[in-house]
Amino acid sequence: MAATVSAAAPIGPKRRMSRTALFENIAGFLFISPWIFGFLVFEFGPLIAAGYLSLTKYDILTPPRFTGLANFDKMFTRDPLFWKSLWVTAIYSLSVVFLGVILGVMLAVLLNQKIRGMSLYRTVYYLPAVVSGVAVAYMWAWVFRPEAGIINYGLSLIGITGPNWLFSTTWTLPAFVIMSLWAVGGGMVLYLAGLQGVPTQLYEAASLDGATRWASFWNVTLPMISPVIFFNFIIGIIGSFQVFTSAFVITKGGPANSTLFFVLYLYRHAFENFKMGYAAALGMILFLVIMTLTIISFRLSNRLVFYEGRIT
Amino acid sequence: MSNKRLSRRQFLRGAAVVGASVPFLQACGGGPEAADEADSGSEAAEPTMEKTSVRYAQVIGPLDKQVDMFNEQSDSVHVEFELVPWGEHADKLLIDVAAGTAPDLWFIGGPWWIQIKRKKVALSISEFLANDPDVVMDDFEFPADSDWGMLDGEIYGLPTNSVILRGLAYSEDRFAEAGLDLPNDEWTFADVAAAGPQLNRGEESYAMTSPLLAGDLYLTTIWQNGGQIISEDESKCLLDQPEAVEAVEQLVAWTEFSMKPGQHAALGDFPTASGKIAMWPMVLADWDTWLKVTANDETNQWMTWWPSITNPPAVDVYAGSVHMEAIWSESDKVDAAWEFFIWRAINQDSLDYQITLFPINYRMDATVRSAITNERQAAFLTLHLPITDLSTGEYWGPSTTEILNAFRSEYELAVLGEKTAREAMEAATAAIDVIIEDA
């Protein structure tokens, strides 16, 4: 009965927005208008243009020629380097994201202790995250030198002959993973903020229940910082799939394409081979890959991530 | 002055309007040039008022002095020098051309030239050359009317400098130490292979730098052995043919007595300056670089031509890289651009200055004799002249860098011992055939 009444109830007169609300809305839109302008001109516009260019043959110097899905056909059926670059990037991304999360959390837990000089330690660990990518790449090129590099020198002290890190199809990718973990401090700061937001009464309750330190970490700390871990995971996937600078500076994709990351391959087509249409098609694939991984992660997050606000 | 305070709402409104206006005001502001023009006084603007101003993009920094010399001499043209980093110059030029804002004159590295030329981005200069009474075509070291500069019977550019030919540099001390005769222009790969093991003394000194060489040396070796990268009609890769495979096998064999890739870095920025390396490839006649890599020519080193697989080689040819200068086909100041273009290429003052930097492409021998007083430097600068006529521009095919990358990645696998030279070249051929098909 109530439902019937509700359904039959006349719709009331449209509420007019007050002058105050109207002005505040306009002010709000004006405030965000620089961002909207930037997004439309520098992101959405190029995205649409790239979508169109991916369906063309375009060498920059002559007008694009529409070729339909030819670029994608070549990519999937006749271009082994497309699959190679995707594979190299996927392996790198998987290693960097998982190791980055584990190391970042471990580091944050260590730096969450109450000891003297902690601010200094935190700064030191965060510092690599703000150093220029090119400078970092050059530094690591020295670190990985086969004879006089610090890593192989360290290994030689314990009787191990280190590999030729940057000229071995086996060791180059692990070298790049190690290099990326150096900047784990960026994520660590967020984990640290997450750790400091965990209510102490939860630990007290766990302690009263007889939980060990490990049990507290596993059942209290991790679930409470899981949104931060999830955030870093997503950002990590997006970032690691776009890795470019270090490979461009140090190996140029070699040896034998063992560090041919996807964006480096895209760059080669766009700016070395002048195949802008094909490069745009590679860009669209990268967009789809990252979007798909992000959607899958969000779906999984319902089961793996604990949001305090959802407790009813 | 009013003491009235702004309400929160008034403040928000005002701030939002200001915030939103900034990007639009910036966009309408005319960019840094407008500000520069407004800032510059009438004195600074004077040359451009009286002379036609043309833009010249170049990667060789010291050539700005050459531009200054021209600007002092010319009554009608003022050249604005734009220094572009080597690593970005081709990308930048392409984007500038696409945007319609390219410089009137520009430098382009050899590897990009043929693709640029085919797109007719450069102006045909055949008529200018024919009508200029000062130009003597036979005086160009690398012929202006060679295939390299021409397309469909028209000349589109002139080399920046003399053809870049790589030779074999060597340490006289290391050879004396090993009791070996010095390399000479009759050396073959067999001589290098015989000397290599005797020159290799572990970490004390090395027989040779890495067998990972420059593109022109791969090409020279393959061509001299009678091989080809692609067929004449550019329809098929020929790297899997026996002549090419044999040439690659010979280069890969040097791995046995070469430094490990990356090992040279332990010897500093200029490893050859340490005197610890017995042989290495280097550009012939590039005196400026020579001084850097030999500690100011004080380490008892010298150069000869790159050895061939057999003497005489199956084909007497050297792959040379030729950097080019051209005038933009869409320039609206073509006559002014030409005035500087040809002055840079053939004027004696210009040549006298250039010869202090690198080998030139016009009246090289005569200019060296008249402008260079250091005998050793003069001898070095002319090392390449006897083989200049044998040189052909480095060209890997219709998508040069892509084909070179495909070759190099497989060659690296052969050097690393993960494939035989034959397997590597067969894989390279398959990859390059796909590239050719799409070109």
# chains A, B, ... in the order shown; residues from 1 in each chain; ligands from 1
$ residues_around --residues "Asp316 of chain B" --least-positions-apart "3" --cutoff "7 Å" --atoms "only C-alpha atoms" --output "PyMOL selection string"
chain B and resi 224+313+390
$ residues_around --residues "Tyr307 of chain A" --least-positions-apart "3" --cutoff "10 Å" --atoms "only C-alpha atoms" --output "list in words"
Pro223, Met224, Ile225, Ser226, Pro227, Ser301, Asn302, Leu304, Arg310 and Ile311 of chain A
$ select_by_dssp --residues "segment 83-272 of chain B" --states "alpha helix (DSSP H)" --output "MDAnalysis selection string"
chainID B and resid 86:99 110:118 126:131 172:178 189:199 215:224 242:253
$ select_by_dssp --residues "segment 59-298 of chain B" --states "strand (DSSP E)" --output "PDB file with N, CA, C and O atoms, in the first residue's frame"
ATOM      1  N   VAL B  77      72.244  39.343 -45.200  1.00  0.00           N
ATOM      2  CA  VAL B  77      71.646  38.196 -44.499  1.00  0.00           C
ATOM      3  C   VAL B  77      72.189  38.102 -43.076  1.00  0.00           C
ATOM      4  O   VAL B  77      73.390  38.272 -42.848  1.00  0.00           O
ATOM      5  N   HIS B  78      71.283  37.823 -42.158  1.00  0.00           N
ATOM      6  CA  HIS B  78      71.686  37.580 -40.773  1.00  0.00           C
ATOM      7  C   HIS B  78      71.252  36.165 -40.402  1.00  0.00           C
ATOM      8  O   HIS B  78      70.076  35.819 -40.547  1.00  0.00           O
ATOM      9  N   VAL B  79      72.210  35.353 -39.951  1.00  0.00           N
ATOM     10  CA  VAL B  79      71.898  33.962 -39.605  1.00  0.00           C
ATOM     11  C   VAL B  79      71.753  33.825 -38.093  1.00  0.00           C
ATOM     12  O   VAL B  79      72.600  34.280 -37.336  1.00  0.00           O
ATOM     13  N   GLU B  80      70.627  33.216 -37.699  1.00  0.00           N
ATOM     14  CA  GLU B  80      70.419  32.922 -36.273  1.00  0.00           C
ATOM     15  C   GLU B  80      70.798  31.461 -36.041  1.00  0.00           C
ATOM     16  O   GLU B  80      70.195  30.573 -36.628  1.00  0.00           O
ATOM     17  N   PHE B  81      71.793  31.264 -35.204  1.00  0.00           N
ATOM     18  CA  PHE B  81      72.314  29.919 -34.938  1.00  0.00           C
ATOM     19  C   PHE B  81      71.471  29.233 -33.862  1.00  0.00           C
ATOM     20  O   PHE B  81      71.267  29.782 -32.786  1.00  0.00           O
ATOM     21  N   GLU B  82      70.960  28.042 -34.168  1.00  0.00           N
ATOM     22  CA  GLU B  82      70.164  27.299 -33.172  1.00  0.00           C
ATOM     23  C   GLU B  82      70.861  25.971 -32.907  1.00  0.00           C
ATOM     24  O   GLU B  82      70.896  25.101 -33.770  1.00  0.00           O
ATOM     25  N   LEU B  83      71.430  25.849 -31.717  1.00  0.00           N
ATOM     26  CA  LEU B  83      72.147  24.615 -31.372  1.00  0.00           C
ATOM     27  C   LEU B  83      71.153  23.559 -30.887  1.00  0.00           C
ATOM     28  O   LEU B  83      70.349  23.805 -29.992  1.00  0.00           O
ATOM     29  N   LEU B 105      67.517  26.614 -42.654  1.00  0.00           N
ATOM     30  CA  LEU B 105      68.619  25.716 -43.008  1.00  0.00           C
ATOM     31  C   LEU B 105      68.816  24.745 -41.860  1.00  0.00           C
ATOM     32  O   LEU B 105      68.663  25.124 -40.698  1.00  0.00           O
ATOM     33  N   TRP B 106      69.200  23.548 -42.181  1.00  0.00           N
ATOM     34  CA  TRP B 106      69.412  22.607 -41.087  1.00  0.00           C
ATOM     35  C   TRP B 106      70.430  21.541 -41.416  1.00  0.00           C
ATOM     36  O   TRP B 106      70.707  21.222 -42.555  1.00  0.00           O
ATOM     37  N   PHE B 107      70.973  20.999 -40.310  1.00  0.00           N
ATOM     38  CA  PHE B 107      71.885  19.863 -40.341  1.00  0.00           C
ATOM     39  C   PHE B 107      71.036  18.612 -40.124  1.00  0.00           C
ATOM     40  O   PHE B 107      70.085  18.632 -39.348  1.00  0.00           O
ATOM     41  N   ILE B 108      71.392  17.518 -40.803  1.00  0.00           N
ATOM     42  CA  ILE B 108      70.727  16.249 -40.511  1.00  0.00           C
ATOM     43  C   ILE B 108      71.761  15.121 -40.552  1.00  0.00           C
ATOM     44  O   ILE B 108      72.565  15.049 -41.485  1.00  0.00           O
ATOM     45  N   MET B 150      71.387  13.119 -54.188  1.00  0.00           N
ATOM     46  CA  MET B 150      70.405  13.281 -55.281  1.00  0.00           C
ATOM     47  C   MET B 150      69.169  12.405 -55.130  1.00  0.00           C
ATOM     48  O   MET B 150      69.214  11.352 -54.505  1.00  0.00           O
ATOM     49  N   LEU B 151      68.101  12.874 -55.752  1.00  0.00           N
ATOM     50  CA  LEU B 151      66.892  12.075 -55.882  1.00  0.00           C
ATOM     51  C   LEU B 151      66.219  12.518 -57.185  1.00  0.00           C
ATOM     52  O   LEU B 151      66.049  13.722 -57.412  1.00  0.00           O
ATOM     53  N   GLU B 154      67.824  15.358 -59.096  1.00  0.00           N
ATOM     54  CA  GLU B 154      67.991  16.667 -58.452  1.00  0.00           C
ATOM     55  C   GLU B 154      68.866  16.524 -57.205  1.00  0.00           C
ATOM     56  O   GLU B 154      68.788  15.516 -56.504  1.00  0.00           O
ATOM     57  N   ILE B 155      69.671  17.571 -56.909  1.00  0.00           N
ATOM     58  CA  ILE B 155      70.504  17.551 -55.700  1.00  0.00           C
ATOM     59  C   ILE B 155      69.734  18.247 -54.570  1.00  0.00           C
ATOM     60  O   ILE B 155      69.206  19.343 -54.758  1.00  0.00           O
ATOM     61  N   LEU B 158      74.085  19.192 -49.341  1.00  0.00           N
ATOM     62  CA  LEU B 158      75.541  19.068 -49.412  1.00  0.00           C
ATOM     63  C   LEU B 158      76.055  18.520 -48.086  1.00  0.00           C
ATOM     64  O   LEU B 158      75.508  18.843 -47.027  1.00  0.00           O
ATOM     65  N   PRO B 159      77.109  17.704 -48.131  1.00  0.00           N
ATOM     66  CA  PRO B 159      77.650  17.183 -46.872  1.00  0.00           C
ATOM     67  C   PRO B 159      78.161  18.305 -45.975  1.00  0.00           C
ATOM     68  O   PRO B 159      78.721  19.293 -46.452  1.00  0.00           O
ATOM     69  N   ARG B 166      85.490   5.141 -40.966  1.00  0.00           N
ATOM     70  CA  ARG B 166      86.144   4.627 -39.764  1.00  0.00           C
ATOM     71  C   ARG B 166      87.377   3.811 -40.151  1.00  0.00           C
ATOM     72  O   ARG B 166      87.357   3.099 -41.160  1.00  0.00           O
ATOM     73  N   GLY B 167      88.431   3.972 -39.376  1.00  0.00           N
ATOM     74  CA  GLY B 167      89.649   3.209 -39.617  1.00  0.00           C
ATOM     75  C   GLY B 167      90.057   2.437 -38.375  1.00  0.00           C
ATOM     76  O   GLY B 167      89.274   2.323 -37.413  1.00  0.00           O
ATOM     77  N   LEU B 168      91.266   1.903 -38.401  1.00  0.00           N
ATOM     78  CA  LEU B 168      91.785   1.128 -37.268  1.00  0.00           C
ATOM     79  C   LEU B 168      92.856   1.964 -36.560  1.00  0.00           C
ATOM     80  O   LEU B 168      93.896   2.268 -37.149  1.00  0.00           O
ATOM     81  N   ALA B 169      92.575   2.325 -35.322  1.00  0.00           N
ATOM     82  CA  ALA B 169      93.575   3.040 -34.524  1.00  0.00           C
ATOM     83  C   ALA B 169      94.382   2.007 -33.739  1.00  0.00           C
ATOM     84  O   ALA B 169      93.878   0.926 -33.433  1.00  0.00           O
ATOM     85  N   TYR B 170      95.632   2.347 -33.461  1.00  0.00           N
ATOM     86  CA  TYR B 170      96.459   1.373 -32.744  1.00  0.00           C
ATOM     87  C   TYR B 170      97.494   2.075 -31.863  1.00  0.00           C
ATOM     88  O   TYR B 170      97.863   3.226 -32.106  1.00  0.00           O
ATOM     89  N   SER B 171      97.935   1.338 -30.864  1.00  0.00           N
ATOM     90  CA  SER B 171      98.961   1.857 -29.954  1.00  0.00           C
ATOM     91  C   SER B 171     100.317   1.311 -30.392  1.00  0.00           C
ATOM     92  O   SER B 171     100.538   0.099 -30.365  1.00  0.00           O
ATOM     93  N   TYR B 206      94.783  -4.667 -23.436  1.00  0.00           N
ATOM     94  CA  TYR B 206      93.795  -5.428 -24.199  1.00  0.00           C
ATOM     95  C   TYR B 206      94.111  -5.352 -25.690  1.00  0.00           C
ATOM     96  O   TYR B 206      94.526  -4.297 -26.189  1.00  0.00           O
ATOM     97  N   ALA B 207      93.852  -6.445 -26.396  1.00  0.00           N
ATOM     98  CA  ALA B 207      94.136  -6.453 -27.829  1.00  0.00           C
ATOM     99  C   ALA B 207      93.199  -5.508 -28.572  1.00  0.00           C
ATOM    100  O   ALA B 207      93.612  -4.761 -29.446  1.00  0.00           O
ATOM    101  N   MET B 208      91.928  -5.539 -28.192  1.00  0.00           N
ATOM    102  CA  MET B 208      90.965  -4.778 -28.983  1.00  0.00           C
ATOM    103  C   MET B 208      89.743  -4.414 -28.152  1.00  0.00           C
ATOM    104  O   MET B 208      89.388  -5.138 -27.218  1.00  0.00           O
ATOM    105  N   ILE B 277      94.870  -0.075 -24.660  1.00  0.00           N
ATOM    106  CA  ILE B 277      94.149  -0.797 -25.716  1.00  0.00           C
ATOM    107  C   ILE B 277      95.011  -0.773 -26.986  1.00  0.00           C
ATOM    108  O   ILE B 277      95.414   0.301 -27.449  1.00  0.00           O
ATOM    109  N   ALA B 278      95.271  -1.942 -27.543  1.00  0.00           N
ATOM    110  CA  ALA B 278      96.173  -2.021 -28.694  1.00  0.00           C
ATOM    111  C   ALA B 278      95.497  -1.590 -29.996  1.00  0.00           C
ATOM    112  O   ALA B 278      96.126  -0.947 -30.834  1.00  0.00           O
ATOM    113  N   MET B 279      94.229  -1.961 -30.188  1.00  0.00           N
ATOM    114  CA  MET B 279      93.528  -1.612 -31.445  1.00  0.00           C
ATOM    115  C   MET B 279      92.087  -1.215 -31.144  1.00  0.00           C
ATOM    116  O   MET B 279      91.457  -1.821 -30.276  1.00  0.00           O
ATOM    117  N   TRP B 280      91.604  -0.259 -31.889  1.00  0.00           N
ATOM    118  CA  TRP B 280      90.191   0.107 -31.747  1.00  0.00           C
ATOM    119  C   TRP B 280      89.737   0.853 -32.998  1.00  0.00           C
ATOM    120  O   TRP B 280      90.565   1.455 -33.691  1.00  0.00           O
ATOM    121  N   PRO B 281      88.435   0.787 -33.315  1.00  0.00           N
ATOM    122  CA  PRO B 281      87.948   1.514 -34.482  1.00  0.00           C
ATOM    123  C   PRO B 281      87.699   2.983 -34.162  1.00  0.00           C
ATOM    124  O   PRO B 281      87.254   3.296 -33.065  1.00  0.00           O
ATOM    125  N   MET B 282      88.039   3.826 -35.097  1.00  0.00           N
ATOM    126  CA  MET B 282      87.794   5.256 -34.892  1.00  0.00           C
ATOM    127  C   MET B 282      87.658   5.971 -36.233  1.00  0.00           C
ATOM    128  O   MET B 282      88.173   5.482 -37.240  1.00  0.00           O
ATOM    129  N   VAL B 283      86.981   7.111 -36.221  1.00  0.00           N
ATOM    130  CA  VAL B 283      86.798   7.866 -37.456  1.00  0.00           C
ATOM    131  C   VAL B 283      88.142   8.422 -37.913  1.00  0.00           C
ATOM    132  O   VAL B 283      88.872   9.027 -37.134  1.00  0.00           O
TER     133      VAL B 283
END
$ atom_distance --atom1 "atom CA of Leu99 of chain A" --atom2 "atom CA of Phe233 of chain A"
10.5 Å
$ residues_around --residues "Phe407 of chain B" --least-positions-apart "4" --cutoff "8 Å" --atoms "only C-alpha atoms" --output "PyMOL selection string"
chain B and resi 403+411+425+428+432
$ residues_around --residues "Leu266 of chain A" --least-positions-apart "6" --cutoff "9 Å" --atoms "only C-alpha atoms" --output "list in words"
Met276, Tyr278, Ala279, Ala280, Ala281, Leu282 and Gly283 of chain A
$ residues_around --residues "Ile230 of chain B" --least-positions-apart "2" --cutoff "10 Å" --atoms "only C-alpha atoms" --output "list of chain:residue names"
B:Gly227, B:Gln228, B:Glu232, B:Asp233, B:Glu234, B:Ser235, B:Lys236, B:Cys237, B:Leu238, B:Leu239, B:Tyr395, B:Trp396, B:Gly397, B:Pro398, B:Ile403, B:Thr429, B:Ile432, B:Asp433, B:Ile436
$ residues_around --residues "segment 357-372 of chain B" --least-positions-apart "2" --cutoff "6 Å" --atoms "only C-alpha atoms" --output "PyMOL selection string"
chain B and resi 139-141+161-162+286+352+354-355+374
